[in-house]
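Engineer: Just passing along the structure, written as structure tokens.
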Amino acid sequence: METYEVGTNKPIKLKVAIATESIPISYAFLYHSIDDQVPYATIAPFDPTQKTGWKQLDGGNEVQSKIFRVLTFCRFFNPFPNEETFNLAVMQIEDSYVASVNGGEEGAFEMSVKVSAFFENKSCILESELKFT
């Protein structure tokens, strides 16, 4: 898992950017540990194509030693003639997607992303996570 050094800096902020023809919705979760099943804090769901600015994590409280996850769900409503065309649309999302945090010792940090695509229901999930140190 990637790490991002926040030290005692606060607030730490999130920004998600994406270029897509789908309808995206992003969620952000803070956990006390990697084993937690339920987050202790969240950012209200948002559309990253409409709300493009920085969002503050955990009300500006310190987040050192916490686990941070960002999930973005994308749902396509336009028809695709085949799976190959769908995969090209998913590749556009993957190429343009950026989830970044800022406010730590290192300045802005771009999180890596894992993409899961589902042709059957014309959707994809982008997932990023890191540990604040």
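Ligands are numbered from 1 in the order shown, residues from 1 within each chain, and chains are lettered A, B, ... in the order they appear in the structure tokens.
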Quick one: everything within 10 Å of Tyr27 in chain A, counting only C-alpha atoms, minus sequence neighbours fewer than 3 positions away in the same chain. Send it as a PyMOL selection string.

Structural biologist: chain A and resi 16+42-48+69-73+127

Engineer: For Phe119 in chain A, please output as a list of chain:residue names all residues within 7 Å (counting only C-alpha atoms; exclusion window: fewer than 3 positions along the same chain).

Structural biologist: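 Result of the neighbour search: A:Glu83, A:Phe86, A:Lys122, A:Ser123.
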
Engineer: Any chance you could export the current selection's C-alpha atoms as a tab-separated table (two decimals), in the first residue's frame?

Structural biologist:
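See out33.tsv below for the written result:
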chain	number	residue	atom	x	y	z
A	83	GLU	CA	-17.23	-5.11	-25.56
A	86	PHE	CA	-16.85	-0.41	-24.11
A	122	LYS	CA	-21.85	-1.00	-18.50
A	123	SER	CA	-20.02	0.26	-15.45

Engineer: Would you mind reading off the distance between CA of Ala17 in chain A and CA of Glu129 in chain A, one decimal, in Å?

Structural biologist: 15.8 Å

Engineer: Which of these, A:Ala108, A:Val101, A:Ile34, A:Ala89, has the shortest distance to Ile12 in chain A once you count only C-alpha atoms?

Structural biologist: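 That would be A:Val101, the residue with the smallest distance to Ile12 in chain A.
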
Engineer: Apply DSSP to the structure's backbone, then extract all residues of range 28-108 of chain A labelled helix (DSSP H, G or I) and return them as a list in words.

Structural biologist: Asp58, Gly59, Gly60, Glu83, Glu84, Thr85, Phe86, Asn87, Leu88, Ala89, Val90, Met91, Gln92, Ile93, Glu94, Asp95 and Ser96 of chain A

Engineer: How would the residues just chosen look if you wrote them out with all heavy atoms as a short mmCIF file (atom, residue, chain, number, x, y, z; two decimals), in the first residue's frame?

Structural biologist:
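As written to disk, out.cif reads:
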data_model
loop_
_atom_site.label_atom_id
_atom_site.label_comp_id
_atom_site.auth_asym_id
_atom_site.auth_seq_id
_atom_site.Cartn_x
_atom_site.Cartn_y
_atom_site.Cartn_z
N ASP A 58 -12.02 14.58 7.01
CA ASP A 58 -12.27 14.45 8.45
C ASP A 58 -12.41 15.78 9.17
O ASP A 58 -11.87 15.98 10.25
CB ASP A 58 -11.18 13.59 9.10
CG ASP A 58 -11.60 13.09 10.48
OD1 ASP A 58 -12.81 13.03 10.74
OD2 ASP A 58 -10.72 12.78 11.30
N GLY A 59 -13.11 16.71 8.57
CA GLY A 59 -13.38 17.99 9.23
C GLY A 59 -12.15 18.77 9.62
O GLY A 59 -12.18 19.60 10.52
N GLY A 60 -11.02 18.50 8.97
CA GLY A 60 -9.79 19.22 9.28
C GLY A 60 -9.01 18.64 10.44
O GLY A 60 -7.98 19.18 10.83
N GLU A 83 -18.08 -5.28 -26.75
CA GLU A 83 -17.23 -5.11 -25.56
C GLU A 83 -15.95 -4.33 -25.87
O GLU A 83 -15.44 -3.60 -25.03
CB GLU A 83 -16.89 -6.48 -24.96
CG GLU A 83 -16.28 -6.39 -23.60
CD GLU A 83 -16.22 -7.73 -22.89
OE1 GLU A 83 -16.77 -8.71 -23.38
OE2 GLU A 83 -15.58 -7.77 -21.81
N GLU A 84 -15.46 -4.46 -27.08
CA GLU A 84 -14.24 -3.73 -27.47
C GLU A 84 -14.46 -2.21 -27.39
O GLU A 84 -13.61 -1.48 -26.88
CB GLU A 84 -13.82 -4.13 -28.88
CG GLU A 84 -12.53 -3.48 -29.34
CD GLU A 84 -12.13 -3.93 -30.73
OE1 GLU A 84 -12.62 -4.95 -31.21
OE2 GLU A 84 -11.31 -3.21 -31.34
N THR A 85 -15.60 -1.75 -27.86
CA THR A 85 -15.92 -0.33 -27.80
C THR A 85 -16.08 0.13 -26.35
O THR A 85 -15.61 1.20 -25.97
CB THR A 85 -17.22 -0.04 -28.58
OG1 THR A 85 -17.08 -0.56 -29.90
CG2 THR A 85 -17.49 1.45 -28.66
N PHE A 86 -16.72 -0.70 -25.55
CA PHE A 86 -16.85 -0.41 -24.11
C PHE A 86 -15.46 -0.28 -23.47
O PHE A 86 -15.21 0.65 -22.70
CB PHE A 86 -17.66 -1.52 -23.43
CG PHE A 86 -17.65 -1.43 -21.93
CD1 PHE A 86 -18.39 -0.48 -21.26
CD2 PHE A 86 -16.88 -2.32 -21.18
CE1 PHE A 86 -18.38 -0.40 -19.87
CE2 PHE A 86 -16.86 -2.25 -19.80
CZ PHE A 86 -17.61 -1.29 -19.14
N ASN A 87 -14.56 -1.20 -23.80
CA ASN A 87 -13.21 -1.16 -23.22
C ASN A 87 -12.46 0.11 -23.61
O ASN A 87 -11.65 0.61 -22.83
CB ASN A 87 -12.42 -2.40 -23.62
CG ASN A 87 -12.93 -3.65 -22.94
OD1 ASN A 87 -13.56 -3.59 -21.88
ND2 ASN A 87 -12.69 -4.80 -23.54
N LEU A 88 -12.71 0.63 -24.79
CA LEU A 88 -12.08 1.90 -25.20
C LEU A 88 -12.59 3.05 -24.33
O LEU A 88 -11.81 3.93 -23.93
CB LEU A 88 -12.36 2.19 -26.68
CG LEU A 88 -11.65 1.29 -27.68
CD1 LEU A 88 -12.17 1.55 -29.09
CD2 LEU A 88 -10.15 1.50 -27.61
N ALA A 89 -13.88 3.04 -24.01
CA ALA A 89 -14.43 4.08 -23.13
C ALA A 89 -13.84 3.98 -21.73
O ALA A 89 -13.52 4.99 -21.10
CB ALA A 89 -15.95 3.96 -23.09
N VAL A 90 -13.66 2.75 -21.25
CA VAL A 90 -13.05 2.55 -19.93
C VAL A 90 -11.60 3.01 -19.95
O VAL A 90 -11.12 3.62 -18.99
CB VAL A 90 -13.16 1.07 -19.49
CG1 VAL A 90 -12.34 0.81 -18.24
CG2 VAL A 90 -14.62 0.70 -19.27
N MET A 91 -10.90 2.77 -21.05
CA MET A 91 -9.51 3.21 -21.16
C MET A 91 -9.41 4.73 -21.11
O MET A 91 -8.50 5.28 -20.51
CB MET A 91 -8.88 2.68 -22.46
CG MET A 91 -7.39 2.54 -22.37
SD MET A 91 -6.59 1.51 -23.63
CE MET A 91 -7.52 1.70 -25.08
N GLN A 92 -10.39 5.43 -21.72
CA GLN A 92 -10.42 6.90 -21.65
C GLN A 92 -10.55 7.35 -20.19
O GLN A 92 -9.87 8.27 -19.75
CB GLN A 92 -11.58 7.46 -22.46
CG GLN A 92 -11.71 8.97 -22.31
CD GLN A 92 -13.07 9.51 -22.70
OE1 GLN A 92 -14.05 8.76 -22.80
NE2 GLN A 92 -13.14 10.81 -22.92
N ILE A 93 -11.41 6.68 -19.44
CA ILE A 93 -11.58 7.01 -18.02
C ILE A 93 -10.28 6.77 -17.27
O ILE A 93 -9.81 7.62 -16.52
CB ILE A 93 -12.72 6.17 -17.40
CG1 ILE A 93 -14.06 6.64 -17.95
CG2 ILE A 93 -12.69 6.25 -15.89
CD1 ILE A 93 -15.23 5.77 -17.54
N GLU A 94 -9.68 5.60 -17.48
CA GLU A 94 -8.44 5.26 -16.79
C GLU A 94 -7.32 6.24 -17.10
O GLU A 94 -6.56 6.63 -16.21
CB GLU A 94 -8.02 3.84 -17.17
CG GLU A 94 -6.89 3.29 -16.35
CD GLU A 94 -6.61 1.83 -16.64
OE1 GLU A 94 -7.25 1.24 -17.52
OE2 GLU A 94 -5.72 1.29 -15.97
N ASP A 95 -7.24 6.68 -18.35
CA ASP A 95 -6.18 7.62 -18.76
C ASP A 95 -6.38 9.02 -18.18
O ASP A 95 -5.42 9.76 -18.00
CB ASP A 95 -6.10 7.71 -20.28
CG ASP A 95 -5.53 6.45 -20.91
OD1 ASP A 95 -4.96 5.60 -20.17
OD2 ASP A 95 -5.68 6.28 -22.14
N SER A 96 -7.64 9.40 -17.92
CA SER A 96 -7.90 10.76 -17.46
C SER A 96 -8.11 10.86 -15.95
O SER A 96 -8.12 11.96 -15.40
CB SER A 96 -9.14 11.32 -18.17
OG SER A 96 -10.31 10.67 -17.74
#

Engineer: Please return, as a ChimeraX atom specification, all residues of chain A that DSSP assigns to strand (DSSP E or B) on the basis of the backbone.

Structural biologist: /A:2-4,13-17,23-31,41-46,55-56,67-75,98-102,109-110,114-118,123-132

Engineer: For each of A:Asn78, A:Gln50, A:Gln64, A:Ser26, take the minimum atom-to-atom distance to Tyr4 in chain A, counting only C-alpha atoms, then give the residue where this is smallest.

Structural biologist: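 For Tyr4 in chain A, the nearest of the candidates is A:Gln64.
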
Engineer: Rank A:Met1, A:Leu14, A:Val98, A:Cys74 by their smallest atom-to-atom distance to Phe118 in chain A, using only C-alpha atoms, and report the top residue only.

Structural biologist: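 Nearest candidate to Phe118 in chain A out of A:Met1, A:Leu14, A:Val98, A:Cys74: A:Cys74.
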
Engineer: I need the residue nearest Phe80 in chain A from this list: A:Asn102, A:Asn121, A:Thr20, A:Thr133. Use only C-alpha atoms for the distance.

Structural biologist: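 Checking each candidate against Phe80 in chain A, we get A:Asn121 as the closest.
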
Engineer: Provide the CA of Phe29 in chain A to CA of Lys10 in chain A distance in Å, to one decimal place.

Structural biologist: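 One can read the CA of Phe29 in chain A to CA of Lys10 in chain A distance as 16.7 Å.
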
Engineer: Nearest residue to Thr8 in chain A out of A:Asp36, A:Glu62, A:Glu21, A:Glu120, using only C-alpha atoms?

Structural biologist: A:Glu62

Engineer: Tell me, in Å to one decimal, how far CA of Ser100 in chain A is from CA of Gln37 in chain A.

Structural biologist: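 CA of Ser100 in chain A sits 23.3 Å away from CA of Gln37 in chain A.
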